[in-house]
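K.L.:
Please find run.cif (mmCIF, C-alpha atoms and all ligand atoms; chains and numbers go by the auth columns) on the next line:
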data_model
#
loop_
_atom_site.group_PDB
_atom_site.id
_atom_site.type_symbol
_atom_site.label_atom_id
_atom_site.label_comp_id
_atom_site.label_asym_id
_atom_site.label_seq_id
_atom_site.Cartn_x
_atom_site.Cartn_y
_atom_site.Cartn_z
_atom_site.B_iso_or_equiv
_atom_site.auth_seq_id
_atom_site.auth_asym_id
ATOM 1 C CA MET A 1 -16.243 64.079 -46.661 0.00 207 A
ATOM 2 C CA LYS A 2 -19.969 63.595 -47.233 0.00 208 A
ATOM 3 C CA LEU A 3 -22.040 66.743 -46.722 0.00 209 A
ATOM 4 C CA PRO A 4 -25.829 67.180 -46.919 0.00 210 A
ATOM 5 C CA LEU A 5 -25.420 70.042 -49.411 0.00 211 A
ATOM 6 C CA ARG A 6 -22.570 71.224 -51.581 0.00 212 A
ATOM 7 C CA ILE A 7 -22.373 74.401 -53.653 0.00 213 A
ATOM 8 C CA GLY A 8 -20.030 75.000 -56.563 0.00 214 A
ATOM 9 C CA ASN A 9 -19.252 77.711 -59.087 0.00 215 A
ATOM 10 C CA GLY A 10 -17.614 77.647 -62.470 0.00 216 A
ATOM 11 C CA PHE A 11 -16.376 80.080 -65.088 0.00 217 A
ATOM 12 C CA ASP A 12 -15.194 79.633 -68.646 0.00 218 A
ATOM 13 C CA ALA A 13 -14.397 81.792 -71.658 0.00 219 A
ATOM 14 C CA HIS A 14 -13.511 81.064 -75.262 0.00 220 A
ATOM 15 C CA ALA A 15 -12.425 83.386 -78.066 0.00 221 A
ATOM 16 C CA PHE A 16 -14.301 83.682 -81.332 0.00 222 A
ATOM 17 C CA SER A 17 -12.568 81.951 -84.209 0.00 223 A
ATOM 18 C CA ARG A 18 -12.373 84.532 -86.962 0.00 224 A
ATOM 19 C CA SER A 19 -10.208 82.555 -89.357 0.00 225 A
ATOM 20 C CA GLU A 20 -11.171 78.930 -88.889 0.00 226 A
ATOM 21 C CA GLU A 21 -14.716 77.940 -89.758 0.00 227 A
ATOM 22 C CA ARG A 22 -16.292 76.569 -86.550 0.00 228 A
ATOM 23 C CA PRO A 23 -19.878 76.182 -85.322 0.00 229 A
ATOM 24 C CA LEU A 24 -21.010 78.224 -82.310 0.00 230 A
ATOM 25 C CA ILE A 25 -22.233 75.750 -79.674 0.00 231 A
ATOM 26 C CA LEU A 26 -23.571 76.788 -76.257 0.00 232 A
ATOM 27 C CA GLY A 27 -25.443 74.472 -73.909 0.00 233 A
ATOM 28 C CA GLY A 28 -25.329 71.857 -76.655 0.00 234 A
ATOM 29 C CA VAL A 29 -27.261 74.093 -79.058 0.00 235 A
ATOM 30 C CA VAL A 30 -25.776 75.002 -82.437 0.00 236 A
ATOM 31 C CA ILE A 31 -26.398 78.732 -82.829 0.00 237 A
ATOM 32 C CA PRO A 32 -26.251 80.341 -86.256 0.00 238 A
ATOM 33 C CA HIS A 33 -23.510 82.989 -86.164 0.00 239 A
ATOM 34 C CA ARG A 34 -20.722 84.245 -88.374 0.00 240 A
ATOM 35 C CA TRP A 35 -18.118 82.911 -85.886 0.00 241 A
ATOM 36 C CA GLY A 36 -17.760 79.888 -83.621 0.00 242 A
ATOM 37 C CA LEU A 37 -15.512 79.584 -80.557 0.00 243 A
ATOM 38 C CA VAL A 38 -11.900 78.365 -80.504 0.00 244 A
ATOM 39 C CA GLY A 39 -11.175 75.388 -78.275 0.00 245 A
ATOM 40 C CA HIS A 40 -9.720 71.897 -78.116 0.00 246 A
ATOM 41 C CA SER A 41 -13.208 70.410 -77.737 0.00 247 A
ATOM 42 C CA ASP A 42 -16.310 72.007 -79.259 0.00 248 A
ATOM 43 C CA ALA A 43 -15.618 75.039 -76.972 0.00 249 A
ATOM 44 C CA ASP A 44 -19.057 74.963 -75.321 0.00 250 A
ATOM 45 C CA ALA A 45 -18.259 77.525 -72.592 0.00 251 A
ATOM 46 C CA LEU A 46 -21.623 76.981 -70.875 0.00 252 A
ATOM 47 C CA TYR A 47 -21.147 73.220 -70.467 0.00 253 A
ATOM 48 C CA HIS A 48 -17.540 73.818 -69.338 0.00 254 A
ATOM 49 C CA ALA A 49 -18.594 76.344 -66.674 0.00 255 A
ATOM 50 C CA LEU A 50 -21.262 73.904 -65.460 0.00 256 A
ATOM 51 C CA GLY A 51 -18.827 70.991 -65.401 0.00 257 A
ATOM 52 C CA ASP A 52 -16.348 73.014 -63.359 0.00 258 A
ATOM 53 C CA ALA A 53 -19.113 74.096 -60.974 0.00 259 A
ATOM 54 C CA ILE A 54 -20.061 70.468 -60.329 0.00 260 A
ATOM 55 C CA LEU A 55 -16.435 69.368 -59.894 0.00 261 A
ATOM 56 C CA GLY A 56 -15.882 72.310 -57.538 0.00 262 A
ATOM 57 C CA ALA A 57 -18.936 71.366 -55.500 0.00 263 A
ATOM 58 C CA LEU A 58 -17.553 67.837 -55.187 0.00 264 A
ATOM 59 C CA GLY A 59 -14.192 69.201 -54.054 0.00 265 A
ATOM 60 C CA ARG A 60 -12.568 67.512 -57.042 0.00 266 A
ATOM 61 C CA PRO A 61 -9.911 68.931 -59.390 0.00 267 A
ATOM 62 C CA ASP A 62 -11.074 71.117 -62.301 0.00 268 A
ATOM 63 C CA LEU A 63 -12.256 70.187 -65.788 0.00 269 A
ATOM 64 C CA GLY A 64 -8.759 70.562 -67.272 0.00 270 A
ATOM 65 C CA HIS A 65 -7.542 67.807 -64.934 0.00 271 A
ATOM 66 C CA TYR A 66 -10.015 65.250 -66.282 0.00 272 A
ATOM 67 C CA PHE A 67 -10.220 66.467 -69.886 0.00 273 A
ATOM 68 C CA PRO A 68 -6.796 67.978 -70.712 0.00 274 A
ATOM 69 C CA ASP A 69 -6.550 69.968 -73.930 0.00 275 A
ATOM 70 C CA THR A 70 -3.441 67.933 -74.765 0.00 276 A
ATOM 71 C CA ASP A 71 -5.503 64.719 -74.980 0.00 277 A
ATOM 72 C CA PRO A 72 -6.419 63.904 -78.597 0.00 278 A
ATOM 73 C CA ALA A 73 -9.438 61.957 -77.308 0.00 279 A
ATOM 74 C CA TRP A 74 -11.181 65.249 -76.521 0.00 280 A
ATOM 75 C CA LYS A 75 -10.223 67.054 -79.737 0.00 281 A
ATOM 76 C CA GLY A 76 -13.410 68.427 -81.265 0.00 282 A
ATOM 77 C CA ALA A 77 -15.346 66.509 -78.581 0.00 283 A
ATOM 78 C CA ASP A 78 -19.021 67.108 -77.895 0.00 284 A
ATOM 79 C CA SER A 79 -18.920 68.827 -74.499 0.00 285 A
ATOM 80 C CA GLY A 80 -22.194 67.074 -73.689 0.00 286 A
ATOM 81 C CA ALA A 81 -20.044 63.923 -73.311 0.00 287 A
ATOM 82 C CA ILE A 82 -17.740 65.837 -70.949 0.00 288 A
ATOM 83 C CA LEU A 83 -20.689 67.019 -68.834 0.00 289 A
ATOM 84 C CA ARG A 84 -22.107 63.486 -68.820 0.00 290 A
ATOM 85 C CA ASP A 85 -18.770 62.191 -67.476 0.00 291 A
ATOM 86 C CA VAL A 86 -18.780 64.874 -64.774 0.00 292 A
ATOM 87 C CA ALA A 87 -22.350 63.871 -63.844 0.00 293 A
ATOM 88 C CA ARG A 88 -21.131 60.284 -63.497 0.00 294 A
ATOM 89 C CA LEU A 89 -18.421 61.405 -61.033 0.00 295 A
ATOM 90 C CA MET A 90 -21.114 63.292 -59.104 0.00 296 A
ATOM 91 C CA THR A 91 -23.256 60.146 -58.894 0.00 297 A
ATOM 92 C CA GLU A 92 -20.212 58.070 -57.848 0.00 298 A
ATOM 93 C CA ASP A 93 -19.591 60.554 -55.039 0.00 299 A
ATOM 94 C CA GLY A 94 -23.216 60.141 -53.907 0.00 300 A
ATOM 95 C CA TYR A 95 -24.561 63.542 -54.942 0.00 301 A
ATOM 96 C CA ARG A 96 -27.358 64.762 -57.185 0.00 302 A
ATOM 97 C CA PRO A 97 -28.097 68.289 -58.357 0.00 303 A
ATOM 98 C CA LEU A 98 -30.992 70.192 -56.771 0.00 304 A
ATOM 99 C CA ASN A 99 -30.720 73.135 -59.155 0.00 305 A
ATOM 100 C CA VAL A 100 -28.224 74.937 -61.345 0.00 306 A
ATOM 101 C CA ASP A 101 -28.043 78.540 -62.509 0.00 307 A
ATOM 102 C CA THR A 102 -25.925 79.955 -65.293 0.00 308 A
ATOM 103 C CA VAL A 103 -25.151 83.191 -67.115 0.00 309 A
ATOM 104 C CA ILE A 104 -23.774 83.478 -70.629 0.00 310 A
ATOM 105 C CA ILE A 105 -21.921 86.738 -71.241 0.00 311 A
ATOM 106 C CA ALA A 106 -21.936 87.657 -74.919 0.00 312 A
ATOM 107 C CA GLN A 107 -22.285 90.882 -76.866 0.00 313 A
ATOM 108 C CA GLU A 108 -23.393 88.866 -79.872 0.00 314 A
ATOM 109 C CA PRO A 109 -25.336 86.979 -81.110 0.00 315 A
ATOM 110 C CA ARG A 110 -28.724 87.347 -79.438 0.00 316 A
ATOM 111 C CA LEU A 111 -29.139 84.157 -77.410 0.00 317 A
ATOM 112 C CA ALA A 112 -32.661 84.433 -75.958 0.00 318 A
ATOM 113 C CA PRO A 113 -34.270 82.302 -78.696 0.00 319 A
ATOM 114 C CA TYR A 114 -31.924 79.386 -77.850 0.00 320 A
ATOM 115 C CA VAL A 115 -32.255 79.473 -74.062 0.00 321 A
ATOM 116 C CA PRO A 116 -35.184 77.000 -73.816 0.00 322 A
ATOM 117 C CA ALA A 117 -33.250 74.370 -75.823 0.00 323 A
ATOM 118 C CA MET A 118 -30.135 74.913 -73.650 0.00 324 A
ATOM 119 C CA LYS A 119 -32.234 74.442 -70.488 0.00 325 A
ATOM 120 C CA GLU A 120 -33.682 71.248 -71.878 0.00 326 A
ATOM 121 C CA ASN A 121 -30.225 69.874 -72.798 0.00 327 A
ATOM 122 C CA ILE A 122 -28.774 70.682 -69.370 0.00 328 A
ATOM 123 C CA GLY A 123 -31.841 69.227 -67.645 0.00 329 A
ATOM 124 C CA SER A 124 -31.601 65.965 -69.539 0.00 330 A
ATOM 125 C CA LEU A 125 -27.823 65.628 -68.953 0.00 331 A
ATOM 126 C CA LEU A 126 -28.135 66.286 -65.217 0.00 332 A
ATOM 127 C CA GLY A 127 -31.545 64.748 -64.579 0.00 333 A
ATOM 128 C CA LEU A 128 -33.239 68.028 -63.685 0.00 334 A
ATOM 129 C CA PRO A 129 -36.613 69.427 -64.755 0.00 335 A
ATOM 130 C CA PRO A 130 -36.331 72.646 -66.845 0.00 336 A
ATOM 131 C CA GLY A 131 -37.697 74.566 -63.822 0.00 337 A
ATOM 132 C CA ALA A 132 -34.553 73.710 -61.853 0.00 338 A
ATOM 133 C CA VAL A 133 -32.214 74.965 -64.588 0.00 339 A
ATOM 134 C CA GLY A 134 -31.429 78.667 -64.953 0.00 340 A
ATOM 135 C CA VAL A 135 -29.880 79.968 -68.187 0.00 341 A
ATOM 136 C CA LYS A 136 -29.591 83.706 -68.659 0.00 342 A
ATOM 137 C CA ALA A 137 -27.779 85.700 -71.298 0.00 343 A
ATOM 138 C CA THR A 138 -26.365 89.170 -70.829 0.00 344 A
ATOM 139 C CA THR A 139 -24.152 91.599 -72.692 0.00 345 A
ATOM 140 C CA THR A 140 -21.547 93.738 -70.921 0.00 346 A
ATOM 141 C CA GLU A 141 -22.703 96.909 -72.672 0.00 347 A
ATOM 142 C CA HIS A 142 -19.659 96.751 -74.993 0.00 348 A
ATOM 143 C CA LEU A 143 -17.217 96.628 -72.035 0.00 349 A
ATOM 144 C CA GLY A 144 -14.323 94.167 -71.866 0.00 350 A
ATOM 145 C CA PHE A 145 -13.443 91.245 -74.149 0.00 351 A
ATOM 146 C CA THR A 146 -16.982 89.972 -74.432 0.00 352 A
ATOM 147 C CA GLY A 147 -18.240 93.493 -75.046 0.00 353 A
ATOM 148 C CA ARG A 148 -15.758 93.955 -77.884 0.00 354 A
ATOM 149 C CA GLY A 149 -17.092 90.762 -79.435 0.00 355 A
ATOM 150 C CA GLU A 150 -13.790 88.902 -78.961 0.00 356 A
ATOM 151 C CA GLY A 151 -15.380 85.891 -77.322 0.00 357 A
ATOM 152 C CA ILE A 152 -18.025 84.480 -75.003 0.00 358 A
ATOM 153 C CA ALA A 153 -17.865 83.738 -71.268 0.00 359 A
ATOM 154 C CA ALA A 154 -20.123 81.720 -69.002 0.00 360 A
ATOM 155 C CA LEU A 155 -20.708 81.452 -65.257 0.00 361 A
ATOM 156 C CA ALA A 156 -22.436 78.629 -63.406 0.00 362 A
ATOM 157 C CA VAL A 157 -23.462 77.763 -59.879 0.00 363 A
ATOM 158 C CA VAL A 158 -24.801 74.403 -58.763 0.00 364 A
ATOM 159 C CA LEU A 159 -26.353 73.095 -55.580 0.00 365 A
ATOM 160 C CA LEU A 160 -25.893 69.395 -54.919 0.00 366 A
ATOM 161 C CA SER A 161 -27.616 67.217 -52.366 0.00 367 A
ATOM 162 C CA GLY A 162 -25.906 64.317 -50.666 0.00 368 A
ATOM 163 C CA ASP A 163 -29.196 63.158 -49.173 0.00 369 A
ATOM 164 C CA GLU A 164 -30.579 60.331 -51.267 0.00 370 A
ATOM 165 C CA HIS A 165 -34.085 61.077 -49.986 0.00 371 A
ATOM 166 C CA ASP A 166 -34.061 64.545 -51.624 0.00 372 A
ATOM 167 C CA ALA A 167 -36.011 64.529 -54.858 0.00 373 A
ATOM 168 C CA PRO A 168 -34.106 66.006 -57.794 0.00 374 A
HETATM 169 MG MG MG B . -13.568 75.726 -71.884 0.00 1 B
#
Would you encode the structure as structure tokens?
Ligand code: MG
P.N.:
Amino acid sequence: MKLPLRIGNGFDAHAFSRSEERPLILGGVVIPHRWGLVGHSDADALYHALGDAILGALGRPDLGHYFPDTDPAWKGADSGAILRDVARLMTEDGYRPLNVDTVIIAQEPRLAPYVPAMKENIGSLLGLPPGAVGVKATTTEHLGFTGRGEGIAALAVVLLSGDEHDAP
């Protein structure tokens, strides 16, 4: 069913890998940290939350349906490729993003210095100017699994337009 506007939200979380040496990647940015995140792909929780938000807005099944963690093709995959595939489904369905907003929930490390690069990566993958991409980082004041430094979570909302006359 074609709609003029569609909204979607997504959530993802990954645990820190304390034994295996892995890079920490969020929004396509490699962030220097003592631990990376565990996952079948590169465990980019921000890209995964965004991908799920877009799929949700389209009324499609979730990220795990298209990119199952049992599929060797996605082992260690760059999640930018996953998000690009999701963007292709969005285009096929006749939608484009108007804006996206995201929150990364992490006690550590400090993410503010990497936010501009994440916004740029998301903007270029989705065809949005940096001004239409929100990326915020927050701690949970040491509460819960993120607060204990066990992992990182991310939330995303997207607004899609089905009107081809709307500028991105
Ligand atoms: Mg994930």
K.L.:
So what does the PyMOL selection byres (((not hetatm)) within 10 of (chain B and resi 1)) actually pick up in this one, as a PyMOL selection string?
P.N.:
chain A and resi 217-221+243-255+257-258+269-270+275+285+359-360
K.L.:
Using atom CA of A:Ala323 and atom CA of A:Gly214 as the two end points, give the distance in Å to one decimal.
P.N.:
23.4 Å
K.L.:
Report as a list in words the full result of the PyMOL selection byres (((chain A and resi 288-303) around 8) and not hetatm) when it is applied to this structure.
P.N.:
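Applied to this file, the PyMOL selection byres (((chain A and resi 288-303) around 8) and not hetatm) selects Tyr253, His254, Leu256, Gly257, Ile260, Leu261, Leu264, Phe273, Asp284, Ser285, Gly286, Ala287, Leu304, Asn305, Val306, Leu331, Leu332, Gly333, Leu334, Val364, Leu365, Leu366, Ser367, Gly368, Asp369, Glu370 and Pro374 of chain A.
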K.L.:
List the residues matched by the PyMOL selection byres (((chain A and resi 362) around 6) and not hetatm) in the displayed structure as an mmCIF file with C-alpha atoms, in the frame of the given file, ordered by chain and then by residue number.
P.N.:
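Final output, saved to part-v7.cif:
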data_model
loop_
_atom_site.group_PDB
_atom_site.id
_atom_site.type_symbol
_atom_site.label_atom_id
_atom_site.label_comp_id
_atom_site.auth_asym_id
_atom_site.auth_seq_id
_atom_site.Cartn_x
_atom_site.Cartn_y
_atom_site.Cartn_z
ATOM 1 C CA ASN A 215 -19.252 77.711 -59.087
ATOM 2 C CA GLY A 216 -17.614 77.647 -62.470
ATOM 3 C CA ALA A 255 -18.594 76.344 -66.674
ATOM 4 C CA LEU A 256 -21.262 73.904 -65.460
ATOM 5 C CA ASP A 307 -28.043 78.540 -62.509
ATOM 6 C CA THR A 308 -25.925 79.955 -65.293
ATOM 7 C CA LEU A 361 -20.708 81.452 -65.257
ATOM 8 C CA VAL A 363 -23.462 77.763 -59.879
#
K.L.:
For A:Thr352, list every protein, DNA or RNA residue within 10 Å, evaluated using all atoms listed in the file, and leave out those in the same chain fewer than 2 positions away; present the list as a list in words.
P.N.:
Ala219, His220, Ala221, Phe222, Ile311, Ala312, Gln313, Glu314, Thr345, Thr346, Glu347, His348, Leu349, Gly350, Arg354, Gly355, Glu356, Gly357, Ile358 and Ala359 of chain A
K.L.:
May I have the protein, DNA and RNA residues with an atom at most 9 Å from (-19.4, 86.4, -87.1), counting all atoms listed in the file in the file's coordinates, returned as a short mmCIF file (atom, residue, chain, number, x, y, z; two decimals) with C-alpha atoms, keeping the file's coordinate frame?
P.N.:
data_model
loop_
_atom_site.label_atom_id
_atom_site.label_comp_id
_atom_site.auth_asym_id
_atom_site.auth_seq_id
_atom_site.Cartn_x
_atom_site.Cartn_y
_atom_site.Cartn_z
CA PHE A 222 -14.30 83.68 -81.33
CA SER A 223 -12.57 81.95 -84.21
CA ARG A 224 -12.37 84.53 -86.96
CA HIS A 239 -23.51 82.99 -86.16
CA ARG A 240 -20.72 84.24 -88.37
CA TRP A 241 -18.12 82.91 -85.89
CA GLY A 242 -17.76 79.89 -83.62
CA GLU A 314 -23.39 88.87 -79.87
CA PRO A 315 -25.34 86.98 -81.11
#
K.L.:
What does the distance from atom CA of A:Gly265 to atom CA of A:Leu209 come to in Å, to one decimal?
P.N.:
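Between atom CA of A:Gly265 and atom CA of A:Leu209 the gap is 11.0 Å.
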K.L.:
So, counting all atoms listed in the file, which residue among A:Leu232, A:Ala343, A:Phe351, A:Glu227 is closest to A:Arg316?
P.N.:
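Smallest distance to A:Arg316 is found for A:Ala343.
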K.L.:
With N, CA and C atoms as the goal, would you fill in the gaps in stretch 216-234 of chain A and present it as a PDB file, in the coordinates of the input?
P.N.:
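The resulting rebuild31.pdb:
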ATOM      1  N   GLY A 216     -18.531  77.855 -61.351  1.00  0.00           N
ATOM      2  CA  GLY A 216     -17.614  77.647 -62.470  1.00  0.00           C
ATOM      3  C   GLY A 216     -17.627  78.828 -63.419  1.00  0.00           C
ATOM      4  N   PHE A 217     -16.507  79.001 -64.103  1.00  0.00           N
ATOM      5  CA  PHE A 217     -16.376  80.080 -65.088  1.00  0.00           C
ATOM      6  C   PHE A 217     -15.608  79.534 -66.283  1.00  0.00           C
ATOM      7  N   ASP A 218     -15.979  79.987 -67.468  1.00  0.00           N
ATOM      8  CA  ASP A 218     -15.194  79.633 -68.646  1.00  0.00           C
ATOM      9  C   ASP A 218     -15.328  80.736 -69.687  1.00  0.00           C
ATOM     10  N   ALA A 219     -14.355  80.833 -70.549  1.00  0.00           N
ATOM     11  CA  ALA A 219     -14.397  81.792 -71.658  1.00  0.00           C
ATOM     12  C   ALA A 219     -13.669  81.202 -72.848  1.00  0.00           C
ATOM     13  N   HIS A 220     -14.184  81.472 -74.017  1.00  0.00           N
ATOM     14  CA  HIS A 220     -13.511  81.064 -75.262  1.00  0.00           C
ATOM     15  C   HIS A 220     -13.554  82.221 -76.248  1.00  0.00           C
ATOM     16  N   ALA A 221     -12.505  82.332 -77.049  1.00  0.00           N
ATOM     17  CA  ALA A 221     -12.425  83.386 -78.066  1.00  0.00           C
ATOM     18  C   ALA A 221     -13.165  82.972 -79.330  1.00  0.00           C
ATOM     19  N   PHE A 222     -13.710  83.959 -80.026  1.00  0.00           N
ATOM     20  CA  PHE A 222     -14.301  83.682 -81.332  1.00  0.00           C
ATOM     21  C   PHE A 222     -13.194  83.311 -82.306  1.00  0.00           C
ATOM     22  N   SER A 223     -13.489  82.326 -83.142  1.00  0.00           N
ATOM     23  CA  SER A 223     -12.568  81.951 -84.209  1.00  0.00           C
ATOM     24  C   SER A 223     -12.925  82.760 -85.450  1.00  0.00           C
ATOM     25  N   ARG A 224     -12.047  83.672 -85.821  1.00  0.00           N
ATOM     26  CA  ARG A 224     -12.373  84.532 -86.962  1.00  0.00           C
ATOM     27  C   ARG A 224     -11.754  84.041 -88.253  1.00  0.00           C
ATOM     28  N   SER A 225     -10.832  83.068 -88.126  1.00  0.00           N
ATOM     29  CA  SER A 225     -10.208  82.555 -89.357  1.00  0.00           C
ATOM     30  C   SER A 225     -10.763  81.178 -89.689  1.00  0.00           C
ATOM     31  N   GLU A 226     -10.726  80.305 -88.667  1.00  0.00           N
ATOM     32  CA  GLU A 226     -11.171  78.930 -88.889  1.00  0.00           C
ATOM     33  C   GLU A 226     -12.697  78.877 -88.824  1.00  0.00           C
ATOM     34  N   GLU A 227     -13.267  78.135 -89.721  1.00  0.00           N
ATOM     35  CA  GLU A 227     -14.716  77.940 -89.758  1.00  0.00           C
ATOM     36  C   GLU A 227     -15.112  76.956 -88.643  1.00  0.00           C
ATOM     37  N   ARG A 228     -15.855  77.443 -87.633  1.00  0.00           N
ATOM     38  CA  ARG A 228     -16.292  76.569 -86.550  1.00  0.00           C
ATOM     39  C   ARG A 228     -17.736  76.890 -86.190  1.00  0.00           C
ATOM     40  N   PRO A 229     -18.512  75.881 -85.758  1.00  0.00           N
ATOM     41  CA  PRO A 229     -19.878  76.182 -85.322  1.00  0.00           C
ATOM     42  C   PRO A 229     -19.865  76.821 -83.932  1.00  0.00           C
ATOM     43  N   LEU A 230     -20.844  77.666 -83.656  1.00  0.00           N
ATOM     44  CA  LEU A 230     -21.010  78.224 -82.310  1.00  0.00           C
ATOM     45  C   LEU A 230     -21.958  77.302 -81.546  1.00  0.00           C
ATOM     46  N   ILE A 231     -21.436  76.703 -80.455  1.00  0.00           N
ATOM     47  CA  ILE A 231     -22.233  75.750 -79.674  1.00  0.00           C
ATOM     48  C   ILE A 231     -22.240  76.193 -78.216  1.00  0.00           C
ATOM     49  N   LEU A 232     -23.425  76.411 -77.667  1.00  0.00           N
ATOM     50  CA  LEU A 232     -23.571  76.788 -76.257  1.00  0.00           C
ATOM     51  C   LEU A 232     -24.700  75.964 -75.651  1.00  0.00           C
ATOM     52  N   GLY A 233     -24.425  75.324 -74.530  1.00  0.00           N
ATOM     53  CA  GLY A 233     -25.443  74.472 -73.909  1.00  0.00           C
ATOM     54  C   GLY A 233     -25.917  73.382 -74.861  1.00  0.00           C
ATOM     55  N   GLY A 234     -24.996  72.929 -75.721  1.00  0.00           N
ATOM     56  CA  GLY A 234     -25.329  71.857 -76.655  1.00  0.00           C
ATOM     57  C   GLY A 234     -26.171  72.291 -77.838  1.00  0.00           C
TER      58      GLY A 234
END
